[in-house]
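This is structure03.pdb (PDB, N, CA and C atoms).
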ATOM      1  N   MET A   1       0.844  -1.177   0.000
ATOM      2  CA  MET A   1       0.000   0.000   0.000
ATOM      3  C   MET A   1       0.891   1.242   0.000
ATOM      4  N   THR A   2       0.645   2.175  -0.903
ATOM      5  CA  THR A   2       1.409   3.407  -1.001
ATOM      6  C   THR A   2       0.932   4.379   0.063
ATOM      7  N   THR A   3       1.871   5.082   0.675
ATOM      8  CA  THR A   3       1.515   6.109   1.652
ATOM      9  C   THR A   3       1.845   7.475   1.083
ATOM     10  N   ILE A   4       1.286   8.500   1.700
ATOM     11  CA  ILE A   4       1.497   9.878   1.269
ATOM     12  C   ILE A   4       1.556  10.746   2.508
ATOM     13  N   ASN A   5       2.383  11.768   2.482
ATOM     14  CA  ASN A   5       2.450  12.691   3.613
ATOM     15  C   ASN A   5       1.920  14.062   3.186
ATOM     16  N   SER A   6       1.829  14.981   4.138
ATOM     17  CA  SER A   6       1.227  16.283   3.849
ATOM     18  C   SER A   6       2.030  17.058   2.814
ATOM     19  N   GLU A   7       3.345  16.928   2.816
ATOM     20  CA  GLU A   7       4.171  17.629   1.828
ATOM     21  C   GLU A   7       3.870  17.110   0.414
ATOM     22  N   GLN A   8       3.782  15.809   0.272
ATOM     23  CA  GLN A   8       3.466  15.226  -1.032
ATOM     24  C   GLN A   8       2.074  15.633  -1.495
ATOM     25  N   PHE A   9       1.114  15.642  -0.559
ATOM     26  CA  PHE A   9      -0.236  16.046  -0.917
ATOM     27  C   PHE A   9      -0.254  17.515  -1.335
ATOM     28  N   GLY A  10       0.498  18.343  -0.627
ATOM     29  CA  GLY A  10       0.606  19.750  -1.013
ATOM     30  C   GLY A  10       1.183  19.911  -2.407
ATOM     31  N   GLU A  11       2.161  19.079  -2.750
ATOM     32  CA  GLU A  11       2.748  19.121  -4.095
ATOM     33  C   GLU A  11       1.710  18.730  -5.145
ATOM     34  N   ILE A  12       0.875  17.743  -4.837
ATOM     35  CA  ILE A  12      -0.189  17.351  -5.769
ATOM     36  C   ILE A  12      -1.149  18.522  -5.976
ATOM     37  N   CYS A  13      -1.569  19.170  -4.897
ATOM     38  CA  CYS A  13      -2.478  20.318  -5.013
ATOM     39  C   CYS A  13      -1.828  21.454  -5.799
ATOM     40  N   ASN A  14      -0.557  21.719  -5.561
ATOM     41  CA  ASN A  14       0.137  22.765  -6.314
ATOM     42  C   ASN A  14       0.228  22.408  -7.789
ATOM     43  N   GLY A  15       0.423  21.141  -8.099
ATOM     44  CA  GLY A  15       0.455  20.704  -9.494
ATOM     45  C   GLY A  15      -0.889  20.898 -10.175
ATOM     46  N   VAL A  16      -1.961  20.602  -9.461
ATOM     47  CA  VAL A  16      -3.302  20.834 -10.006
ATOM     48  C   VAL A  16      -3.492  22.333 -10.240
ATOM     49  N   TRP A  17      -3.020  23.142  -9.306
ATOM     50  CA  TRP A  17      -3.145  24.589  -9.467
ATOM     51  C   TRP A  17      -2.390  25.065 -10.708
ATOM     52  N   ARG A  18      -1.194  24.565 -10.911
ATOM     53  CA  ARG A  18      -0.423  24.956 -12.098
ATOM     54  C   ARG A  18      -1.143  24.561 -13.383
ATOM     55  N   ASP A  19      -1.852  23.444 -13.349
ATOM     56  CA  ASP A  19      -2.537  22.929 -14.540
ATOM     57  C   ASP A  19      -4.012  23.317 -14.582
ATOM     58  N   ARG A  20      -4.414  24.272 -13.752
ATOM     59  CA  ARG A  20      -5.829  24.585 -13.589
ATOM     60  C   ARG A  20      -6.526  24.965 -14.894
ATOM     61  N   ALA A  21      -5.859  25.662 -15.793
ATOM     62  CA  ALA A  21      -6.517  26.066 -17.033
ATOM     63  C   ALA A  21      -6.997  24.834 -17.800
ATOM     64  N   ALA A  22      -6.139  23.841 -17.940
ATOM     65  CA  ALA A  22      -6.513  22.615 -18.644
ATOM     66  C   ALA A  22      -7.549  21.823 -17.852
ATOM     67  N   VAL A  23      -7.389  21.793 -16.539
ATOM     68  CA  VAL A  23      -8.321  21.045 -15.689
ATOM     69  C   VAL A  23      -9.725  21.631 -15.800
ATOM     70  N   VAL A  24      -9.823  22.940 -15.716
ATOM     71  CA  VAL A  24     -11.129  23.597 -15.763
ATOM     72  C   VAL A  24     -11.706  23.542 -17.178
ATOM     73  N   ARG A  25     -10.874  23.661 -18.170
ATOM     74  CA  ARG A  25     -11.334  23.593 -19.561
ATOM     75  C   ARG A  25     -11.973  22.235 -19.859
ATOM     76  N   GLY A  26     -11.455  21.174 -19.270
ATOM     77  CA  GLY A  26     -11.970  19.830 -19.509
ATOM     78  C   GLY A  26     -12.963  19.348 -18.475
ATOM     79  N   ARG A  27     -13.641  20.266 -17.808
ATOM     80  CA  ARG A  27     -14.496  19.891 -16.671
ATOM     81  C   ARG A  27     -15.847  19.320 -17.043
ATOM     82  N   GLY A  28     -16.272  19.490 -18.270
ATOM     83  CA  GLY A  28     -17.600  19.003 -18.636
ATOM     84  C   GLY A  28     -18.666  19.748 -17.865
ATOM     85  N   LEU A  29     -19.556  19.037 -17.198
ATOM     86  CA  LEU A  29     -20.649  19.655 -16.455
ATOM     87  C   LEU A  29     -20.284  19.999 -15.014
ATOM     88  N   LEU A  30     -19.082  19.652 -14.597
ATOM     89  CA  LEU A  30     -18.664  19.927 -13.223
ATOM     90  C   LEU A  30     -18.381  21.406 -13.018
ATOM     91  N   SER A  31     -18.531  21.854 -11.785
ATOM     92  CA  SER A  31     -18.078  23.200 -11.445
ATOM     93  C   SER A  31     -16.559  23.215 -11.514
ATOM     94  N   GLY A  32     -15.979  24.387 -11.581
ATOM     95  CA  GLY A  32     -14.522  24.486 -11.587
ATOM     96  C   GLY A  32     -13.914  23.878 -10.339
ATOM     97  N   GLU A  33     -14.565  24.118  -9.205
ATOM     98  CA  GLU A  33     -14.063  23.582  -7.946
ATOM     99  C   GLU A  33     -14.069  22.058  -7.947
ATOM    100  N   ALA A  34     -15.168  21.475  -8.408
ATOM    101  CA  ALA A  34     -15.262  20.014  -8.455
ATOM    102  C   ALA A  34     -14.237  19.433  -9.418
ATOM    103  N   ALA A  35     -13.976  20.136 -10.519
ATOM    104  CA  ALA A  35     -12.975  19.674 -11.479
ATOM    105  C   ALA A  35     -11.578  19.656 -10.849
ATOM    106  N   LEU A  36     -11.274  20.657 -10.032
ATOM    107  CA  LEU A  36      -9.970  20.690  -9.365
ATOM    108  C   LEU A  36      -9.841  19.543  -8.364
ATOM    109  N   VAL A  37     -10.905  19.303  -7.599
ATOM    110  CA  VAL A  37     -10.871  18.208  -6.618
ATOM    111  C   VAL A  37     -10.781  16.863  -7.339
ATOM    112  N   ARG A  38     -11.483  16.739  -8.476
ATOM    113  CA  ARG A  38     -11.386  15.509  -9.274
ATOM    114  C   ARG A  38      -9.947  15.300  -9.740
ATOM    115  N   ALA A  39      -9.293  16.374 -10.154
ATOM    116  CA  ALA A  39      -7.901  16.259 -10.602
ATOM    117  C   ALA A  39      -6.994  15.806  -9.463
ATOM    118  N   VAL A  40      -7.250  16.302  -8.252
ATOM    119  CA  VAL A  40      -6.479  15.844  -7.088
ATOM    120  C   VAL A  40      -6.686  14.343  -6.905
ATOM    121  N   TYR A  41      -7.935  13.901  -6.993
ATOM    122  CA  TYR A  41      -8.231  12.472  -6.856
ATOM    123  C   TYR A  41      -7.415  11.646  -7.856
ATOM    124  N   TRP A  42      -7.458  12.034  -9.127
ATOM    125  CA  TRP A  42      -6.763  11.240 -10.143
ATOM    126  C   TRP A  42      -5.255  11.296  -9.977
ATOM    127  N   ARG A  43      -4.732  12.387  -9.463
ATOM    128  CA  ARG A  43      -3.287  12.440  -9.219
ATOM    129  C   ARG A  43      -2.908  11.598  -8.008
ATOM    130  N   LEU A  44      -3.793  11.507  -7.038
ATOM    131  CA  LEU A  44      -3.554  10.575  -5.927
ATOM    132  C   LEU A  44      -3.496   9.150  -6.464
ATOM    133  N   ARG A  45      -4.441   8.817  -7.344
ATOM    134  CA  ARG A  45      -4.436   7.482  -7.949
ATOM    135  C   ARG A  45      -3.148   7.243  -8.725
ATOM    136  N   LYS A  46      -2.729   8.205  -9.510
ATOM    137  CA  LYS A  46      -1.496   8.087 -10.299
ATOM    138  C   LYS A  46      -0.288   7.891  -9.392
ATOM    139  N   ALA A  47      -0.336   8.501  -8.196
ATOM    140  CA  ALA A  47       0.757   8.365  -7.232
ATOM    141  C   ALA A  47       0.718   7.016  -6.515
ATOM    142  N   GLY A  48      -0.312   6.207  -6.788
ATOM    143  CA  GLY A  48      -0.390   4.890  -6.190
ATOM    144  C   GLY A  48      -1.267   4.802  -4.966
ATOM    145  N   VAL A  49      -1.937   5.887  -4.603
ATOM    146  CA  VAL A  49      -2.840   5.879  -3.455
ATOM    147  C   VAL A  49      -4.181   5.341  -3.937
ATOM    148  N   LYS A  50      -4.663   4.290  -3.293
ATOM    149  CA  LYS A  50      -5.882   3.612  -3.735
ATOM    150  C   LYS A  50      -7.036   3.878  -2.780
ATOM    151  N   PRO A  51      -8.251   4.084  -3.340
ATOM    152  CA  PRO A  51      -9.422   4.233  -2.474
ATOM    153  C   PRO A  51      -9.914   2.875  -2.008
ATOM    154  N   THR A  52     -10.814   2.900  -1.042
ATOM    155  CA  THR A  52     -11.471   1.655  -0.658
ATOM    156  C   THR A  52     -12.456   1.291  -1.753
ATOM    157  N   ASN A  53     -12.834   0.042  -1.845
ATOM    158  CA  ASN A  53     -13.819  -0.364  -2.846
ATOM    159  C   ASN A  53     -15.135   0.375  -2.665
ATOM    160  N   LYS A  54     -15.558   0.570  -1.426
ATOM    161  CA  LYS A  54     -16.804   1.276  -1.166
ATOM    162  C   LYS A  54     -16.758   2.683  -1.728
ATOM    163  N   ALA A  55     -15.676   3.392  -1.495
ATOM    164  CA  ALA A  55     -15.573   4.774  -1.971
ATOM    165  C   ALA A  55     -15.523   4.830  -3.486
ATOM    166  N   GLU A  56     -14.837   3.904  -4.106
ATOM    167  CA  GLU A  56     -14.703   3.932  -5.552
ATOM    168  C   GLU A  56     -15.999   3.578  -6.257
ATOM    169  N   ASN A  57     -16.857   2.810  -5.619
ATOM    170  CA  ASN A  57     -18.097   2.375  -6.232
ATOM    171  C   ASN A  57     -19.282   3.261  -5.874
ATOM    172  N   ASP A  58     -19.033   4.417  -5.313
ATOM    173  CA  ASP A  58     -20.108   5.337  -4.964
ATOM    174  C   ASP A  58     -20.897   5.684  -6.218
ATOM    175  N   SER A  59     -22.213   5.568  -6.163
ATOM    176  CA  SER A  59     -23.032   5.777  -7.355
ATOM    177  C   SER A  59     -23.652   7.165  -7.419
ATOM    178  N   SER A  60     -23.249   8.087  -6.560
ATOM    179  CA  SER A  60     -23.880   9.408  -6.526
ATOM    180  C   SER A  60     -23.376  10.343  -7.617
ATOM    181  N   GLY A  61     -22.490   9.912  -8.454
ATOM    182  CA  GLY A  61     -22.020  10.753  -9.559
ATOM    183  C   GLY A  61     -20.732  11.467  -9.251
ATOM    184  N   GLN A  62     -20.253  12.204 -10.234
ATOM    185  CA  GLN A  62     -18.972  12.901 -10.099
ATOM    186  C   GLN A  62     -19.197  14.307  -9.566
ATOM    187  N   THR A  63     -19.375  14.394  -8.280
ATOM    188  CA  THR A  63     -19.566  15.688  -7.639
ATOM    189  C   THR A  63     -18.374  15.986  -6.762
ATOM    190  N   MET A  64     -18.263  17.245  -6.383
ATOM    191  CA  MET A  64     -17.163  17.639  -5.507
ATOM    192  C   MET A  64     -17.235  16.870  -4.193
ATOM    193  N   PHE A  65     -18.437  16.689  -3.670
ATOM    194  CA  PHE A  65     -18.597  15.953  -2.423
ATOM    195  C   PHE A  65     -18.065  14.532  -2.552
ATOM    196  N   THR A  66     -18.389  13.886  -3.655
ATOM    197  CA  THR A  66     -17.951  12.507  -3.862
ATOM    198  C   THR A  66     -16.437  12.425  -3.915
ATOM    199  N   TYR A  67     -15.816  13.335  -4.658
ATOM    200  CA  TYR A  67     -14.356  13.306  -4.735
ATOM    201  C   TYR A  67     -13.715  13.615  -3.391
ATOM    202  N   ARG A  68     -14.316  14.504  -2.629
ATOM    203  CA  ARG A  68     -13.778  14.770  -1.285
ATOM    204  C   ARG A  68     -13.913  13.539  -0.396
ATOM    205  N   LEU A  69     -15.054  12.875  -0.486
ATOM    206  CA  LEU A  69     -15.267  11.662   0.304
ATOM    207  C   LEU A  69     -14.248  10.586  -0.069
ATOM    208  N   ILE A  70     -14.060  10.388  -1.346
ATOM    209  CA  ILE A  70     -13.093   9.385  -1.796
ATOM    210  C   ILE A  70     -11.686   9.772  -1.365
ATOM    211  N   GLY A  71     -11.351  11.049  -1.531
ATOM    212  CA  GLY A  71     -10.036  11.519  -1.084
ATOM    213  C   GLY A  71      -9.833  11.281   0.397
ATOM    214  N   ASP A  72     -10.876  11.524   1.180
ATOM    215  CA  ASP A  72     -10.798  11.291   2.621
ATOM    216  C   ASP A  72     -10.512   9.828   2.913
ATOM    217  N   CYS A  73     -11.213   8.932   2.226
ATOM    218  CA  CYS A  73     -10.991   7.491   2.418
ATOM    219  C   CYS A  73      -9.565   7.100   2.026
ATOM    220  N   MET A  74      -9.112   7.628   0.898
ATOM    221  CA  MET A  74      -7.776   7.286   0.412
ATOM    222  C   MET A  74      -6.710   7.744   1.402
ATOM    223  N   LEU A  75      -6.852   8.964   1.897
ATOM    224  CA  LEU A  75      -5.834   9.501   2.797
ATOM    225  C   LEU A  75      -5.942   8.905   4.197
ATOM    226  N   GLU A  76      -7.130   8.548   4.613
ATOM    227  CA  GLU A  76      -7.280   7.891   5.918
ATOM    228  C   GLU A  76      -6.456   6.613   5.969
ATOM    229  N   LEU A  77      -6.436   5.894   4.877
ATOM    230  CA  LEU A  77      -5.703   4.630   4.819
ATOM    231  C   LEU A  77      -4.227   4.794   4.472
ATOM    232  N   ASN A  78      -3.879   5.856   3.762
ATOM    233  CA  ASN A  78      -2.547   5.939   3.177
ATOM    234  C   ASN A  78      -1.668   7.089   3.648
ATOM    235  N   ALA A  79      -2.190   8.029   4.401
ATOM    236  CA  ALA A  79      -1.378   9.159   4.849
ATOM    237  C   ALA A  79      -0.467   8.734   5.992
ATOM    238  N   ARG A  80       0.815   8.983   5.854
ATOM    239  CA  ARG A  80       1.791   8.681   6.900
ATOM    240  C   ARG A  80       2.776   9.817   7.016
ATOM    241  N   PRO A  81       2.836  10.514   8.087
ATOM    242  CA  PRO A  81       1.905  10.436   9.211
ATOM    243  C   PRO A  81       0.557  11.028   8.805
ATOM    244  N   HIS A  82      -0.481  10.720   9.587
ATOM    245  CA  HIS A  82      -1.796  11.269   9.289
ATOM    246  C   HIS A  82      -1.742  12.788   9.363
ATOM    247  N   PHE A  83      -2.468  13.439   8.492
ATOM    248  CA  PHE A  83      -2.498  14.896   8.471
ATOM    249  C   PHE A  83      -3.892  15.355   8.055
ATOM    250  N   ASP A  84      -4.176  16.606   8.361
ATOM    251  CA  ASP A  84      -5.452  17.205   7.982
ATOM    252  C   ASP A  84      -5.307  17.739   6.563
ATOM    253  N   TRP A  85      -5.927  17.070   5.623
ATOM    254  CA  TRP A  85      -5.780  17.435   4.221
ATOM    255  C   TRP A  85      -6.770  18.492   3.779
ATOM    256  N   ALA A  86      -7.808  18.737   4.577
ATOM    257  CA  ALA A  86      -8.846  19.697   4.198
ATOM    258  C   ALA A  86      -8.297  21.097   3.918
ATOM    259  N   PRO A  87      -7.332  21.607   4.699
ATOM    260  CA  PRO A  87      -6.818  22.948   4.390
ATOM    261  C   PRO A  87      -6.160  23.037   3.007
ATOM    262  N   PHE A  88      -5.547  21.953   2.555
ATOM    263  CA  PHE A  88      -4.930  21.963   1.227
ATOM    264  C   PHE A  88      -5.998  22.135   0.143
ATOM    265  N   LEU A  89      -7.075  21.345   0.240
ATOM    266  CA  LEU A  89      -8.148  21.454  -0.751
ATOM    267  C   LEU A  89      -8.877  22.778  -0.622
ATOM    268  N   LYS A  90      -9.060  23.242   0.601
ATOM    269  CA  LYS A  90      -9.730  24.531   0.811
ATOM    270  C   LYS A  90      -8.943  25.637   0.120
ATOM    271  N   GLU A  91      -7.632  25.637   0.293
ATOM    272  CA  GLU A  91      -6.798  26.653  -0.344
ATOM    273  C   GLU A  91      -6.870  26.548  -1.866
ATOM    274  N   LEU A  92      -6.819  25.341  -2.389
ATOM    275  CA  LEU A  92      -6.900  25.137  -3.836
ATOM    276  C   LEU A  92      -8.208  25.697  -4.382
ATOM    277  N   VAL A  93      -9.320  25.366  -3.743
ATOM    278  CA  VAL A  93     -10.630  25.830  -4.201
ATOM    279  C   VAL A  93     -10.748  27.347  -4.044
ATOM    280  N   GLU A  94     -10.275  27.894  -2.929
ATOM    281  CA  GLU A  94     -10.336  29.346  -2.721
ATOM    282  C   GLU A  94      -9.499  30.092  -3.749
ATOM    283  N   ARG A  95      -8.334  29.574  -4.071
ATOM    284  CA  ARG A  95      -7.495  30.213  -5.090
ATOM    285  C   ARG A  95      -8.239  30.266  -6.418
ATOM    286  N   TYR A  96      -8.914  29.183  -6.745
ATOM    287  CA  TYR A  96      -9.685  29.142  -7.991
ATOM    288  C   TYR A  96     -10.843  30.147  -7.943
ATOM    289  N   GLN A  97     -11.577  30.159  -6.840
ATOM    290  CA  GLN A  97     -12.720  31.069  -6.731
ATOM    291  C   GLN A  97     -12.264  32.521  -6.808
ATOM    292  N   ASN A  98     -11.130  32.846  -6.194
ATOM    293  CA  ASN A  98     -10.587  34.199  -6.272
ATOM    294  C   ASN A  98     -10.188  34.570  -7.690
ATOM    295  N   GLU A  99      -9.584  33.621  -8.390
ATOM    296  CA  GLU A  99      -9.188  33.862  -9.769
ATOM    297  C   GLU A  99     -10.408  34.103 -10.650
ATOM    298  N   VAL A 100     -11.444  33.295 -10.462
ATOM    299  CA  VAL A 100     -12.675  33.454 -11.249
ATOM    300  C   VAL A 100     -13.304  34.818 -10.941
ATOM    301  N   ALA A 101     -13.339  35.184  -9.671
ATOM    302  CA  ALA A 101     -13.938  36.472  -9.280
ATOM    303  C   ALA A 101     -13.174  37.641  -9.908
ATOM    304  N   ARG A 102     -11.856  37.554  -9.955
ATOM    305  CA  ARG A 102     -11.050  38.632 -10.553
ATOM    306  C   ARG A 102     -11.248  38.735 -12.056
ATOM    307  N   SER A 103     -11.573  37.631 -12.698
ATOM    308  CA  SER A 103     -11.691  37.632 -14.160
ATOM    309  C   SER A 103     -13.065  38.097 -14.641
ATOM    310  N   CYS A 104     -14.004  38.245 -13.722
ATOM    311  CA  CYS A 104     -15.368  38.681 -14.115
ATOM    312  C   CYS A 104     -15.488  40.174 -14.188
TER     313      CYS A 104
END
Please re-express this file's structure in structure tokens.
Amino acid sequence: MTTINSEQFGEICNGVWRDRAAVVRGRGLLSGEAALVRAVYWRLRKAGVKPTNKAENDSSGQTMFTYRLIGDCMLELNARPHFDWAPFLKELVERYQNEVARSC
């Protein structure tokens, strides 16, 4: 089982931020925020962090809540040492919302 620490998770969030234009452009029907959280999820997967079967089989659709829930499950099992990942995602989403507000 692959583990991840807060520094590595921060690097994943920063990478999503750097790639935000492409991430948001390819969001489909998702909000920009949900698209960013989805990108974090897929980068966690690429890094080898696996969700539980229950989280991966959630049938509620691709919403920001679902990706946060799955991310929580993945990090609960794989974060070493355990860390509070919510501030990282909060900052990522706030940065996006601020950027959108400035561009309007």
**Message:** Given only C-alpha atoms as the basis, pick out the residue of A:Cys104, A:Leu75, A:Ile4, A:Ile70 nearest to Val37 (chain A).
**Reply:**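 When distances to Val37 (chain A) are compared using only C-alpha atoms, the smallest one comes from A:Ile70.
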**Request:** Might you spell out which residues the PyMOL selection byres (((chain A and resi 82-97 and name CA) around 8) and name CA) would select in the displayed file, as number ranges by chain?
**Result:** A: 5-6, 9-10, 13-14, 17, 32-33, 36-37, 75-76, 79-81, 98-101
**Request:** Quote the spacing between CA of Leu77 (chain A) and CA of Val24 (chain A) in Å to one decimal place.
**Result:**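 Taking CA of Leu77 (chain A) and CA of Val24 (chain A), their separation equals 28.5 Å.
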**Request:** Record the distance separating CA of Leu44 (chain A) and atom C of Leu69 (chain A), expressed in Å with one decimal.
**Result:**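 Pair CA of Leu44 (chain A) / atom C of Leu69 (chain A) returns 12.2 Å.
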**Message:** Between atom N of Lys46 (chain A) and atom N of Arg68 (chain A), what distance in Å does the model show, to one decimal?
**Reply:**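 Calculated distance between atom N of Lys46 (chain A) and atom N of Arg68 (chain A) is 14.9 Å.
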**Item:** Selected residue of minimal separation from Arg27 (chain A) among A:Gly15, A:Met64, A:Lys50, A:Thr2, counting only C-alpha atoms
**Value:** A:Met64
**Prompt:** Could you pull out the alpha helix (DSSP H) residues of region 24-102 of chain A from DSSP and send them as a ChimeraX atom specification?
**Reply:** /A:24-25,32-46,53-56,64-78,86-102
